[in-house]
Structures are given as structure tokens and as C-alpha cells.
Amino acid sequence: MAKKGGKATRRMDKRQLVEMIVEFFNRHDSEQVGTKEIFKALGITSTSARTLCVTILDDMVFDGYLLEPAFRKYMLANRATVVCGTFKRSNEGYNMVYPEDGSDAVIITERHSLHALTDDYVRATIFAKRRGGALEGEVVEIMRRKHDTFAGVLKVEKHYALLLTESKIIPNDIFIPREYLKGGKSGDKAVVKLLDWPLDSRNPVGKVVDILGKEGDNDAEMNAILVEYGLPYVYPAAVEEAANRLPSDITEQEIARREDFRGITTFTIDPVDAKDFDDALSIRTLPDGLLEIGVHIADVSHYVTEGSVIDKEAFKRATSIYLVDRTIPMLPERLCNFLCSLRPNEDKLTYSVIFTMNSSAEVKKFRIVRGVINSDRRFSYEEVQDILTSGEGEYCNEIRQLNDLAQIMRTKRFAAGAIDFQQAEVRFRLDDDGKPLSVYFSESDESHQLIEEFMLLANRTVAETIGKRTPNNQPKTFVYRIHDTPDPDKLTTLARFVAKLGYKMKSASGRTTSPAALNNLLGAIKGTKEQNVIEQISLRTMQKAKYSTENIGHYGLAFKYYTHFTSPIRRYPDLLVHRLLDRYLAQKARSVSQAKYEDFCEHCSAQEQVAANAERASIKYKQVEFMSEHVGEEYDAVISGVTEWGIYAEINENKCEGMIPLRTLQDDFYEFDDANYCLVGKRKHRKYMIGDPLRIRITRANLERKQLDFELAEGNG
């Protein structure tokens with residue numbers, strides 16, 4: 001048959017072949033079909049007939065009769081072709097729907113958007129014709145709104161009001177009937193809930209649900225950031241009441257069920273302003289000369305039972321949020337700052353990992369137990385660093401012993417391939433009203449590293465205990481903290497980029513994609529003007545760490561097994577890990593449902609990212625607020641980014657970033673050279689490149705948009 005079909009196609013003209021293709025797709029009107037299947041079905045074997053067939057298929061796609069969802073895969077186009085997915089809004093008016101099945105994104109013009117907003121889950125139909133090779137369609141149903149509450153500034157008119165918002169999610173101001181103002185006045189920062197958005201109306205309609213305060217008021221602005229990211233800014237009264245009913249006394253029966261560490265030297269080390277102490281260290285010398293080190297973690301699972309009203313709220317939040325001036329806790333204050341916090345001179349319940357170690361930081365044995373402790377001392381990081389530097393102070397010997405072990409573990413970790421990212425954290429000194437007085441940086445010193453290494457050891461040990469496969473142990477479903485290997489192409493791009501700045505990214509073996517190559521680069525740039533820029537770009541080449549029941553290891557830490565066990569007061573995955581440990585170690589129970597816990601992991605990972613975005617927004621707001629007092633002043637800066645619309649520059653002394661718009665560069669016509677990450681003048685050939693020093697002047701500070709505008713000052717050679 002195929003041979004006979006091949007002879008037929010050689011005699012066949014284009015019109016006949018078109019009819020055959022049309023008939024074929026009418027029979028397969030809902031299928032995606034590749035060229036090989038079409039050739040076989042139509043009996044096309046000769047090269048010339050196949051070439052003609054492909055030409056006809058391409059013409060049919062151009063004319064809108066067929067769709068090409070993937071390369072050389074065709075399907076009949078009709079307005080009933082439907083996709084469901086996530087809507088993303090663009091300022092240019094060409095929005096996108098990203099189908100949940102992973103197929104090609106669909107362009108949605110504003111008039112076909114049905115007023116969908118970024119992250120809405122929508123149903124869209126695909127049009128027959130493509131726009132520049134891409135699919136185009138329209139939203140026919142908003143199946144689930146992701147955001148329906150917005151913060152902004154009220155502008156009250158005689159008969160109505162508007163909420164003026166700089167949110168990137170919603171394109172237009174929100175219309176508010178006067179009866180829905182809730183007493184709001186012009187200049188108030190308010191929270192508004194969407195009620196309706198008629199198709200023939202430019203503005204959505206909403207009602208005020210809360211007045212946060214006056215524009216510029218610190219509390220109002222910080223709470224507005226939380227609203228912007230869909231995060232809570234108040235704690236539900238019912239959950240607070242449930243926490244207040246929890247007993248504070250620890251019964252003798254409960255202590256009897258636990259290992260008692262109250263007679264062993266124990267202390268906490270935390271930031272000076274911390275109130276939730278969820279980890280403590282204990283140390284004692286054993287009769288054989290070995291050291292027993294205890295990593296004691298607040299036993300939140302004792303107080304927060306699965307399915308309780310407190311547990312449901314904690315899961316919903318999934319993490320505590322740390323804005324510049326405040327903490328929005330995952331747990332009610334009574335739990336996070338009192339019942340669970342490992343405060344000094346109080347009996348506290350813990351989940352503990354107890355290590356027996358020698359002076360070379362080798363773990364000889366360990367045990368994971370439920371315990372009770374009584375912390376002898378609450379240290380700040382600064383106090384511990386002073387003790388390490390001076391060699392004097394309370395528990396000096398114990399602190400120095402722990403630090404010696406921590407530094408040995410740290411050296412071993414980097415030798416095994418861990419990545420040495422040590423970025424300084426931007427901090428602010430604020431007055432009583434939350435106004436920034438100065439900017440400073442918190443860097444990781446030995447006091448931080450001491451705690452970090454023992455927490456890493458405990459997390460890794462717990463993950464190995466449950467996850468490591470042995471002849472007598474089949475791994476059960478568990479919550480891991482995973483970090484995938486970087487995309488080799490991104491590492492190659494990074495190597496090319498730093499080469500243009502004069503740095504080589506190679507390991508001793510000559511490989512540019514190994515952890516050693518990245519560590520060599522990070523070591524080479526320390527103290528240079530390009531350090532912060534290259535560190536930021538290097539971080540962007542990394543995958544994001546996340547939670548998963550599928551263990552693939554942690555690339556950045558060079559661990560095959562890793563979890564989060566050490567911060568259950570502020571991270572919900574740690575609470576899950578405690579419950580799973582209790583189930584698997586004590587009861588020897590069957591494995592929990594992997595699908596259920598993978599859903600938990602995805603939710604916690606997503607909430608962690610949202611919280612991180614809100615935290616960055618609060619830092620950016622305070623940076624702009626601080627620099628608003630310095631408009632017109634000049635600073636030394638370094639170019640941190642180059643785009644076709646301008647130059648991003650970062651001020652050296654405080655890391656505040658702003659943009660020099662391209663239109664302000666009047667000495668030449670500049671073009672963006674994306675291959676070399678620079679702007680180049682067409683006539684004078686002057687280059688502006690990432691890492692170059694600049695002298696800038698601050699021209700504008702826009703608090704609502706969290707943006708700084710710069711211009712070049714005199715003396716830029």
C-alpha cells in the first residue's frame with residue numbers, strides 16, 4: 001500500500017494534497033499530529049511529496065487553519081481550542097497565559113483579557129491565527145482570582161473615591177462608591193477588596209476593608225507591603241485565644257518521658273533583638289575525653305497539634321516574615337515568644353540531637369531524643385564574638401571549644417564542595433517612628449558560623465537518619481530541603497561575563513562548572529569594587545532551594561541529605577519534620593502519603609518565596625526613604641546593571657540602588673550591547689559596563705514605587 005501511495009503522490013498536484021490534508025484533520029479534529037504520522041497516514045514516501053506536504057502545512061498554519069503547538073506538531077485550529085493556566089500581565093498591553101500542561105504561552109491583548117490580573121487562574125480560547133509565530137487568544141473565564149485585595153492611597157471626591165495603587169498586578173485605579181469608604185479620607189493608606197469589574201468599565205469597583213493610616217506613616221507603609229504580597233498583617237483573634245488557653249506548666253509526667261539535660265551547661269546565641277529562641281547548644285566533657293554536644297530545638301509539636309486552629313493558621317502562613325522593623329510571626333506571640341522560646345532559667349521542652357564528638361569534629365555516635373533543658377545564659381552574637389576575640393567572658397571555654405569544632409566542620413564542608421556565599425545583610429538604625437537614621441551591614445563572623453555549623457550538622461543528621469537507605473531501612477516519605485545543580489549554560493554565561501571583568505572562573509582541573517570554580521571566583525573578588533555585583537549575578541545562576549519529598553541533595557551545601565529541623569517556631573516544614581520524626585522513630589509507623597506531603601512542600605516553598613519578596617520590598621522602601629533626605633547629594637557608586645533603558649548603579653557606602661535613565665546621557669547616542677553587558681556611545685565609543693565606578697547625584701526618591709533616580713555627576717571620565 002505504501003508503495004502504491006508513493007506513486008500516487010508523485011502524480012498528485014497541490015490541490016489534491018490539500019484536500020487529503022483537510023480530510024485527514026477533519027477525522028482527527030482534536031489531536032496533535034506530527035509530520036511522520038501525516039506522511040504515513042497519507043501514504044507519502046517521496047522526498048518531493050513530503051516537501052510539498054510540509055509547505056502546505058506551513059501555509060495552513062499561516063492562514064490560521066492549523067495550529068502548531070510544538071515544532072512540526074499540528075492540530076486543527078478552531079475557537080473552541082481551550083487552555084487553562086496562569087495569567088501574567090504586562091505593562092505593554094500584551095499579556096500572557098501560561099497553560100498548566102506546559103504547552104506554549106498564549107498572547108492575550110488587553111481587550112481580550114476579561115480584566116484578568118497577574119497570577120489569576122483562567123480559561124482561554126486560542127485564536128486561529130498566530131501573532132509573529134506565537135499563539136494568540138482571549139480569556140473567557142476567570143476561574144480563580146489570586147489577588148482580590150489591594151493597598152494604596154485614597155483620593156476622595158464629592159460623590160466617589162479612588163484607590164491609587166502602584167501595584168504591578170492591577171493596571172487601573174479602583175473606583176469606590178462613597179458608601180463603601182469606611183470613613184477613609186484623602187491621603188489615607190487603605191486596604192480595598194474588589195467587588196466587581198464590569199467589562200465596559202475601565203476601573204474595577206471595590207470597598208474599603210481597612211484604613212492602615214496616613215500615607216508615609218511607618219506602620220501603614222509596612223502593612224501595605226504585606227497586603228501587596230497577599231500576606232497577613234494581623235493575627236486572628238480566635239487563634240490568639242486558642243494559644244492563650246494552652247497551659248504553661250510542664251508536668252512531672254511529661255518530664256519523666258524525656259531525657260533530662262537540665263544539669264548540663266546550655267545557652268542560646270541569637271540576634272540582640274530576638275525574642276523567639278528556637279535553638280540552644282549544650283556541651284560537656286565525657287569521662288573518656290570525648291565531648292557531648294547537644295543541639296536542642298524548641299518542641300513546638302508538643303503544643304501545636306495537627307489539625308488544630310493554631311496549626312491551620314501556621315500552615316497557611318508557613319513562615320515568619322521579617323520586615324525591616326518588625327516580625328510577622330508564624331505562631332501566636334504566646335507560643336513563639338513564651339511557651340516555645342528557649343528562654344534562660346526556665347524549663348523548656350525540646351527535640352534534641354545529641355552528638356558524641358572528638359576534638360577533630362568527628363561524630364562518633366548520635367541520638368535523636370525528646371528532652372527538657374534549662375538554658376543557663378542568653379547570648380547575643382556580638383557578645384559571643386567579643387568572647388572569641390578577647391578570650392574572656394562567661395562560658396569562655398565552652399564557647400571556644402564549640403567554635404573550634406565549628407571551624408573544623410566548616411573547613412571540611414567547603415573542601416567537600418560547598419559554595420561560599422557570604423553576603424552582608426542590609427540593616428537600618430530606626431528612630432521611634434520607624435524612620436531610618438542610618439544604614440549598616442550585618443556580616444557573618446565566627447559567632448554566626450558557630451551556630452550555623454551545628455544547625456547544619458543537626459539538619460543533615462536528621463535527614464540521613466530517615467532518608468538513607470540501608471539493608472534494614474527503606475526510606476519513608478520525608479520533607480527534604482533540596483537544591484538542584486545549576487544549569488551548565490548559566491554557569492558558562494557567568495564565566496564569560498566575569499572574564500570581561502578580568503576574572504577567571506576555573507577549578508584546579510580546569511572545569512568552569514564545578515563548585516571549586518565558583519568558590520575560586522568568590523575568593524578572587526573579595527574586597528573589589530565588583531564584589532557585590534558579581535555575587536548577585538552568581539546567586540542568580542543558582543537554582544532556588546525548596547522543599548520536596550523527592551530527595552536530590554543540596555548542591556550549595558554539598559550534602560546528599562538535608563532537611564530543616566532547627567527552626568519550628570518560624571518555619572512550618574520544621575514542624576512537619578518533628579511530627580514525622582515522632583511517627584517514624586517512636587511508633588515505627590508506616591510511611592505517610594507522599595502526594596499529600598508533596599503538596600505541603602509546594603505550599604511552603606511558595607510562601608517562603610512570597611515572604612522573601614516582601615522582606616526585600618521593605619528593605620527597598622527604607623533605602624528609598626533614607627535617601628529621600630539626600631536628594632541632590634553626590635555619591636561614589638558602581639554600575640550594578642545595564643539595560644536598553646538605562647544604567648543601574650549601587651551606592652558604595654550603603655548599597656542603595658537607583659537608575660540613570662538613558663535619556664539623561666546627553667553626550668552621545670548610546671546603544672545596548674547585550675553580548676558584552678554594556679552601553680556603547682555611537683560617536684565617542686564610551687562604554688558603561690557592569691562593575692565600572694561612577695559618581696552619581698540623586699535626583700528623585702519615589703517612595704510609592706520604591707525607586708531612586710540618579711544622574712551622572714561631574715567628573716565621570
# chains A, B, ... in the order shown; residues from 1 in each chain; ligands from 1

$ residues_around --residues "A:Tyr480" --least-positions-apart "4" --cutoff "8 Å" --atoms "only C-alpha atoms" --output "ChimeraX atom specification"
/A:463,547-551,561-564

$ select_by_dssp --residues "stretch 469-604 of chain A" --states "alpha helix (DSSP H)" --output "MDAnalysis selection string"
chainID A and resid 488:500 515:524 531:541 572:581 594:604

$ residues_around --residues "A:Gly417" --least-positions-apart "5" --cutoff "7 Å" --atoms "only C-alpha atoms" --output "PDB file with N, CA and C atoms, in the first residue's frame"
ATOM      1  N   PRO A 515      31.814  23.370  41.660  1.00  0.00           N
ATOM      2  CA  PRO A 515      31.733  24.234  42.841  1.00  0.00           C
ATOM      3  C   PRO A 515      33.071  24.901  43.168  1.00  0.00           C
ATOM      4  N   ALA A 516      34.180  24.173  42.937  1.00  0.00           N
ATOM      5  CA  ALA A 516      35.505  24.747  43.217  1.00  0.00           C
ATOM      6  C   ALA A 516      35.759  25.973  42.352  1.00  0.00           C
ATOM      7  N   ALA A 558      26.607  20.987  49.534  1.00  0.00           N
ATOM      8  CA  ALA A 558      27.332  19.745  49.211  1.00  0.00           C
ATOM      9  C   ALA A 558      26.913  18.606  50.145  1.00  0.00           C
TER      10      ALA A 558
END

$ residues_around --residues "A:His302" --least-positions-apart "2" --cutoff "9 Å" --atoms "only C-alpha atoms" --output "list in words"
Asp299, Val300, Val304, Thr305, Leu349 and Thr350 of chain A

$ write_last_selection --atoms "C-alpha atoms" --output "tab-separated table (two decimals), in the first residue's frame"
chain	number	residue	atom	x	y	z
A	299	ASP	CA	9.43	21.24	70.74
A	300	VAL	CA	6.65	23.16	69.01
A	304	VAL	CA	0.68	22.70	68.25
A	305	THR	CA	-1.31	19.58	67.48
A	349	LEU	CA	10.68	21.08	76.12
A	350	THR	CA	12.93	20.23	73.17

$ select_by_dssp --residues "stretch 100-263 of chain A" --states "strand (DSSP E or B)" --output "PyMOL selection string"
chain A and resi 106-109+121-131+134-144+149-156+160-164+174-177+188-196+205-214+259-260

$ residues_around --residues "A:Asp433" --least-positions-apart "6" --cutoff "12 Å" --atoms "only C-alpha atoms" --output "PyMOL selection string"
chain A and resi 216-221+325

$ closest_residue --among "A:Cys84, A:Leu163, A:Leu405, A:Met222" --to "A:Ala617" --atoms "only C-alpha atoms"
A:Met222

$ residues_around --residues "stretch 55-59 of chain A" --least-positions-apart "5" --cutoff "9 Å" --atoms "only C-alpha atoms" --output "CSV table (one decimal) with N, CA and C atoms, in the first residue's frame"
chain,number,residue,atom,x,y,z
A,14,LYS,N,-0.9,19.9,-6.1
A,14,LYS,CA,-1.0,20.6,-4.8
A,14,LYS,C,-2.5,20.6,-4.3
A,17,LEU,N,-3.5,17.3,-2.8
A,17,LEU,CA,-2.8,17.0,-1.5
A,17,LEU,C,-3.5,17.9,-0.4
A,18,VAL,N,-3.9,19.1,-0.7
A,18,VAL,CA,-4.6,20.0,0.3
A,18,VAL,C,-5.9,19.3,0.7
A,21,ILE,N,-5.2,16.5,3.1
A,21,ILE,CA,-4.8,17.0,4.4
A,21,ILE,C,-6.0,17.5,5.2
A,50,ARG,N,6.9,14.9,0.3
A,50,ARG,CA,7.0,15.3,1.7
A,50,ARG,C,7.3,16.8,1.8
A,64,GLY,N,-4.1,30.2,9.5
A,64,GLY,CA,-5.0,30.1,10.6
A,64,GLY,C,-5.8,28.8,10.6
A,65,TYR,N,-5.7,28.0,9.6
A,65,TYR,CA,-6.5,26.8,9.5
A,65,TYR,C,-6.0,25.7,10.5
A,66,LEU,N,-4.6,25.7,10.7
A,66,LEU,CA,-4.0,24.8,11.6
A,66,LEU,C,-3.2,25.5,12.7
A,68,GLU,N,0.2,25.1,15.4
A,68,GLU,CA,1.5,24.4,15.5
A,68,GLU,C,1.9,24.5,17.0
A,74,TYR,N,1.0,19.4,14.6
A,74,TYR,CA,-0.1,20.2,14.0
A,74,TYR,C,-1.5,19.8,14.6

$ residues_around --residues "A:Lys687" --least-positions-apart "6" --cutoff "9 Å" --atoms "only C-alpha atoms" --output "number ranges by chain"
A: 670, 678-681

$ closest_atom_pairs --of "stretch 529-601 of chain A" --to "stretch 446-454 of chain A" --cutoff "12 Å" --atoms "only C-alpha atoms" --output "CSV"
residue,atom,partner,partner_atom,distance
A:Leu557,CA,A:Glu453,CA,10.9
A:Phe565,CA,A:Phe454,CA,11.8
A:Thr566,CA,A:Phe454,CA,9.9

$ closest_residue --among "A:Val227, A:Ala318, A:Leu585, A:Leu694" --to "A:Gln609" --atoms "only C-alpha atoms"
A:Ala318

$ closest_residue --among "A:Ile534, A:Val139, A:Ala116, A:Leu518" --to "A:Pro171" --atoms "only C-alpha atoms"
A:Ala116

$ closest_residue --among "A:Ala637, A:Thr485, A:Ile373, A:Asp709" --to "A:Leu662" --atoms "only C-alpha atoms"
A:Asp709

$ closest_residue --among "A:Met689, A:Pro488, A:Ser618, A:Val439" --to "A:Asn223" --atoms "only C-alpha atoms"
A:Ser618

$ closest_residue --among "A:Leu581, A:Leu162, A:Ile552, A:Ile264" --to "A:Arg370" --atoms "only C-alpha atoms"
A:Leu581

$ atom_distance --atom1 "atom CA of A:Ile107" --atom2 "atom CA of A:Phe672"
26.6 Å

$ decode --residues "stretch 603-674 of chain A" --atoms "C-alpha atoms" --output "PDB file, in the first residue's frame"
ATOM      1  CA  HIS A 603       2.820  25.398  49.554  1.00  0.00           C
ATOM      2  CA  CYS A 604       5.678  26.073  51.997  1.00  0.00           C
ATOM      3  CA  SER A 605       8.151  26.742  49.169  1.00  0.00           C
ATOM      4  CA  ALA A 606       5.735  29.190  47.539  1.00  0.00           C
ATOM      5  CA  GLN A 607       5.042  31.032  50.801  1.00  0.00           C
ATOM      6  CA  GLU A 608       8.756  31.233  51.540  1.00  0.00           C
ATOM      7  CA  GLN A 609       9.331  32.980  48.203  1.00  0.00           C
ATOM      8  CA  VAL A 610       6.453  35.424  48.749  1.00  0.00           C
ATOM      9  CA  ALA A 611       7.786  36.274  52.219  1.00  0.00           C
ATOM     10  CA  ALA A 612      11.289  36.842  50.801  1.00  0.00           C
ATOM     11  CA  ASN A 613       9.843  39.231  48.186  1.00  0.00           C
ATOM     12  CA  ALA A 614       8.012  41.189  50.884  1.00  0.00           C
ATOM     13  CA  GLU A 615      11.160  41.369  53.003  1.00  0.00           C
ATOM     14  CA  ARG A 616      13.130  42.752  50.019  1.00  0.00           C
ATOM     15  CA  ALA A 617      10.366  45.282  49.334  1.00  0.00           C
ATOM     16  CA  SER A 618      10.562  46.570  52.923  1.00  0.00           C
ATOM     17  CA  ILE A 619      14.343  46.980  52.606  1.00  0.00           C
ATOM     18  CA  LYS A 620      13.935  48.808  49.302  1.00  0.00           C
ATOM     19  CA  TYR A 621      11.302  51.107  50.832  1.00  0.00           C
ATOM     20  CA  LYS A 622      13.579  52.016  53.740  1.00  0.00           C
ATOM     21  CA  GLN A 623      16.529  52.576  51.396  1.00  0.00           C
ATOM     22  CA  VAL A 624      14.471  54.989  49.300  1.00  0.00           C
ATOM     23  CA  GLU A 625      13.084  56.652  52.447  1.00  0.00           C
ATOM     24  CA  PHE A 626      16.621  57.098  53.798  1.00  0.00           C
ATOM     25  CA  MET A 627      17.948  58.529  50.514  1.00  0.00           C
ATOM     26  CA  SER A 628      14.940  60.875  50.174  1.00  0.00           C
ATOM     27  CA  GLU A 629      16.719  63.053  52.745  1.00  0.00           C
ATOM     28  CA  HIS A 630      19.748  63.254  50.454  1.00  0.00           C
ATOM     29  CA  VAL A 631      18.269  64.282  47.087  1.00  0.00           C
ATOM     30  CA  GLY A 632      20.770  66.485  45.264  1.00  0.00           C
ATOM     31  CA  GLU A 633      23.782  64.954  47.017  1.00  0.00           C
ATOM     32  CA  GLU A 634      26.594  63.092  45.234  1.00  0.00           C
ATOM     33  CA  TYR A 635      27.992  59.637  45.978  1.00  0.00           C
ATOM     34  CA  ASP A 636      30.528  57.161  44.656  1.00  0.00           C
ATOM     35  CA  ALA A 637      28.762  54.187  43.105  1.00  0.00           C
ATOM     36  CA  VAL A 638      29.359  51.145  40.913  1.00  0.00           C
ATOM     37  CA  ILE A 639      27.334  50.038  37.886  1.00  0.00           C
ATOM     38  CA  SER A 640      25.202  47.082  39.005  1.00  0.00           C
ATOM     39  CA  GLY A 641      23.190  46.572  35.811  1.00  0.00           C
ATOM     40  CA  VAL A 642      22.912  47.786  32.230  1.00  0.00           C
ATOM     41  CA  THR A 643      19.755  47.720  30.096  1.00  0.00           C
ATOM     42  CA  GLU A 644      18.488  49.342  26.916  1.00  0.00           C
ATOM     43  CA  TRP A 645      16.600  51.906  29.013  1.00  0.00           C
ATOM     44  CA  GLY A 646      19.362  52.920  31.401  1.00  0.00           C
ATOM     45  CA  ILE A 647      22.123  52.181  33.894  1.00  0.00           C
ATOM     46  CA  TYR A 648      21.523  50.741  37.363  1.00  0.00           C
ATOM     47  CA  ALA A 649      24.072  51.933  39.923  1.00  0.00           C
ATOM     48  CA  GLU A 650      24.653  50.939  43.542  1.00  0.00           C
ATOM     49  CA  ILE A 651      25.991  53.466  46.055  1.00  0.00           C
ATOM     50  CA  ASN A 652      29.163  52.109  47.639  1.00  0.00           C
ATOM     51  CA  GLU A 653      28.593  53.182  51.229  1.00  0.00           C
ATOM     52  CA  ASN A 654      25.032  51.930  51.714  1.00  0.00           C
ATOM     53  CA  LYS A 655      24.207  49.585  48.754  1.00  0.00           C
ATOM     54  CA  CYS A 656      21.167  51.689  47.765  1.00  0.00           C
ATOM     55  CA  GLU A 657      20.435  51.115  44.072  1.00  0.00           C
ATOM     56  CA  GLY A 658      18.925  53.543  41.599  1.00  0.00           C
ATOM     57  CA  MET A 659      18.700  54.075  37.855  1.00  0.00           C
ATOM     58  CA  ILE A 660      20.273  56.590  35.491  1.00  0.00           C
ATOM     59  CA  PRO A 661      17.746  56.820  32.620  1.00  0.00           C
ATOM     60  CA  LEU A 662      19.258  56.532  29.152  1.00  0.00           C
ATOM     61  CA  ARG A 663      17.590  59.799  28.137  1.00  0.00           C
ATOM     62  CA  THR A 664      19.784  61.705  30.616  1.00  0.00           C
ATOM     63  CA  LEU A 665      23.012  60.643  28.864  1.00  0.00           C
ATOM     64  CA  GLN A 666      23.189  63.668  26.576  1.00  0.00           C
ATOM     65  CA  ASP A 667      26.825  63.474  25.398  1.00  0.00           C
ATOM     66  CA  ASP A 668      26.206  60.732  22.795  1.00  0.00           C
ATOM     67  CA  PHE A 669      23.690  58.282  21.341  1.00  0.00           C
ATOM     68  CA  TYR A 670      24.094  55.072  23.369  1.00  0.00           C
ATOM     69  CA  GLU A 671      23.242  51.540  22.234  1.00  0.00           C
ATOM     70  CA  PHE A 672      22.846  48.480  24.414  1.00  0.00           C
ATOM     71  CA  ASP A 673      25.416  45.735  23.733  1.00  0.00           C
ATOM     72  CA  ASP A 674      23.791  42.716  25.395  1.00  0.00           C
TER      73      ASP A 674
END
